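S.K.: Got a structure here, written out as structure tokens. Questions coming.
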Amino acid sequence: MEHPMEGKKHTAVKARTFPLAFKEAAARRLLSGASGTALSRELGVRRSVLYRWRDAFRAEGVGGLSRQRGRPAPGHGPPPKIPLDGRDRRIADLERLLGKQTAELDFFTRAFRALNLAIPGPDAPTASTSTRPSSRFAPKAPSVSNTPASSEE
């Protein structure tokens, strides 16, 4: 069976940009009950993009449709980091440690579930109470001999 992309060139498709009014009209039509599939065919826009516009419009109005996607331009990223004093540094270290321990706990919890092992609760029987004691290692009772005990008469 031939792979669907076999023999085809892999070319990067430039992202299309749409006017804000176009996005708003599409979002309003979806919100009014228009079929996403039919609207997608009519406008030549992927259904997932239409639904993304609808959700952004529903959440933030027209402002949600003008949001830029992708990596911010140089100089427009997150604000510069403020130097930390000793207490802030200690808090950051403890938060990092807490995050690491939480991740480890989640990992082991999922591993126990995957192995169908339950973590025993306080009422669960332990290994020492769930089986009878073995007589193999029990101390031996004094043996009784068949010879009569010497009696002093």
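Chain labels follow the order of the structure tokens: the first chain is A, the next B, and so on; residue numbering restarts at 1 in every chain, and ligands are counted from 1 in their shown order.
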Need the shell around A:Phe57: protein/DNA/RNA residues with any atom at most 9 Å away, counting only C-alpha atoms. Skip same-chain ones fewer than 5 positions apart. Format as a PDB file with C-alpha atoms, in the first residue's frame?

M.R.:
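Below is the file out-v5.pdb, written as the result:
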ATOM      1  CA  LYS A  23     -13.441  36.460  10.957  1.00  0.00           C
ATOM      2  CA  GLU A  24     -16.190  38.222  12.895  1.00  0.00           C
ATOM      3  CA  ALA A  27     -17.874  33.537  13.972  1.00  0.00           C
ATOM      4  CA  ARG A  28     -21.313  35.167  14.115  1.00  0.00           C
ATOM      5  CA  ARG A  52     -11.143  28.618  16.863  1.00  0.00           C
ATOM      6  CA  VAL A  62     -13.809  41.105  18.462  1.00  0.00           C
ATOM      7  CA  GLY A  63     -10.568  41.595  20.425  1.00  0.00           C
ATOM      8  CA  GLY A  64     -10.109  37.837  20.615  1.00  0.00           C
ATOM      9  CA  LEU A  65     -10.072  37.624  16.820  1.00  0.00           C
TER      10      LEU A  65
END

S.K.: Extract, using only C-alpha atoms, all DNA, RNA and protein residues at most 10 Å from stretch 38-48 of chain A, discarding same-chain residues fewer than 4 positions from it, and format them as JSON, numbers by chain.

M.R.: {"A": [16, 18, 22, 26, 29, 30, 34, 52, 53, 54]}

S.K.: What's the separation between atom CA of A:Ala21 and atom CA of A:Arg67, in Å to one decimal place?

M.R.: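 Between atom CA of A:Ala21 and atom CA of A:Arg67 the gap is 13.7 Å.
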
S.K.: Going by DSSP on the backbone, which bits of stretch 4-97 of chain A are helix (DSSP H, G or I)? Write them as an mmCIF file with C-alpha atoms, in the first residue's frame, please.

M.R.:
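What landed in states28.cif:
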data_model
loop_
_atom_site.group_PDB
_atom_site.id
_atom_site.type_symbol
_atom_site.label_atom_id
_atom_site.label_comp_id
_atom_site.auth_asym_id
_atom_site.auth_seq_id
_atom_site.Cartn_x
_atom_site.Cartn_y
_atom_site.Cartn_z
ATOM 1 C CA LEU A 20 -11.034 41.054 11.136
ATOM 2 C CA ALA A 21 -14.514 41.683 9.657
ATOM 3 C CA PHE A 22 -14.304 38.362 7.763
ATOM 4 C CA LYS A 23 -13.441 36.460 10.957
ATOM 5 C CA GLU A 24 -16.190 38.222 12.895
ATOM 6 C CA ALA A 25 -18.818 37.442 10.243
ATOM 7 C CA ALA A 26 -17.789 33.776 10.164
ATOM 8 C CA ALA A 27 -17.874 33.537 13.972
ATOM 9 C CA ARG A 28 -21.313 35.167 14.115
ATOM 10 C CA ARG A 29 -22.674 32.778 11.472
ATOM 11 C CA LEU A 30 -21.404 29.772 13.455
ATOM 12 C CA LEU A 31 -22.904 31.161 16.650
ATOM 13 C CA GLY A 36 -19.375 24.363 10.344
ATOM 14 C CA THR A 37 -18.800 21.985 7.438
ATOM 15 C CA ALA A 38 -20.951 23.984 4.998
ATOM 16 C CA LEU A 39 -19.420 27.283 6.102
ATOM 17 C CA SER A 40 -15.936 25.814 5.763
ATOM 18 C CA ARG A 41 -16.622 24.804 2.159
ATOM 19 C CA GLU A 42 -18.251 28.112 1.332
ATOM 20 C CA LEU A 43 -15.470 30.295 2.750
ATOM 21 C CA ARG A 47 -13.395 23.947 10.030
ATOM 22 C CA SER A 48 -10.929 23.909 12.954
ATOM 23 C CA VAL A 49 -9.977 27.521 12.162
ATOM 24 C CA LEU A 50 -13.640 28.545 12.070
ATOM 25 C CA TYR A 51 -14.259 26.933 15.437
ATOM 26 C CA ARG A 52 -11.143 28.618 16.863
ATOM 27 C CA TRP A 53 -12.487 31.993 15.669
ATOM 28 C CA ARG A 54 -15.914 31.219 17.160
ATOM 29 C CA ASP A 55 -14.410 30.300 20.539
ATOM 30 C CA ALA A 56 -12.171 33.395 20.583
ATOM 31 C CA PHE A 57 -15.117 35.623 19.622
ATOM 32 C CA ARG A 58 -17.341 34.037 22.277
ATOM 33 C CA ALA A 59 -14.667 34.457 24.981
ATOM 34 C CA GLU A 60 -13.242 37.908 24.178
ATOM 35 C CA VAL A 62 -13.809 41.105 18.462
ATOM 36 C CA GLY A 63 -10.568 41.595 20.425
ATOM 37 C CA GLY A 64 -10.109 37.837 20.615
ATOM 38 C CA LEU A 65 -10.072 37.624 16.820
ATOM 39 C CA GLY A 86 17.507 35.607 49.367
ATOM 40 C CA ARG A 87 13.934 34.936 50.467
ATOM 41 C CA ASP A 88 12.548 34.998 46.931
ATOM 42 C CA ARG A 89 15.312 32.665 45.790
ATOM 43 C CA ARG A 90 14.519 30.254 48.655
ATOM 44 C CA ILE A 91 10.805 30.333 47.786
ATOM 45 C CA ALA A 92 11.618 29.631 44.131
ATOM 46 C CA ASP A 93 13.849 26.697 45.151
ATOM 47 C CA LEU A 94 11.131 25.236 47.376
ATOM 48 C CA GLU A 95 8.489 25.650 44.657
ATOM 49 C CA ARG A 96 10.782 23.862 42.212
ATOM 50 C CA LEU A 97 11.319 21.035 44.711
#

S.K.: Would you mind reading off the distance between atom CA of A:Gly70 and atom CA of A:Lys14, one decimal, in Å?

M.R.: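 These atoms are spaced 13.1 Å apart.
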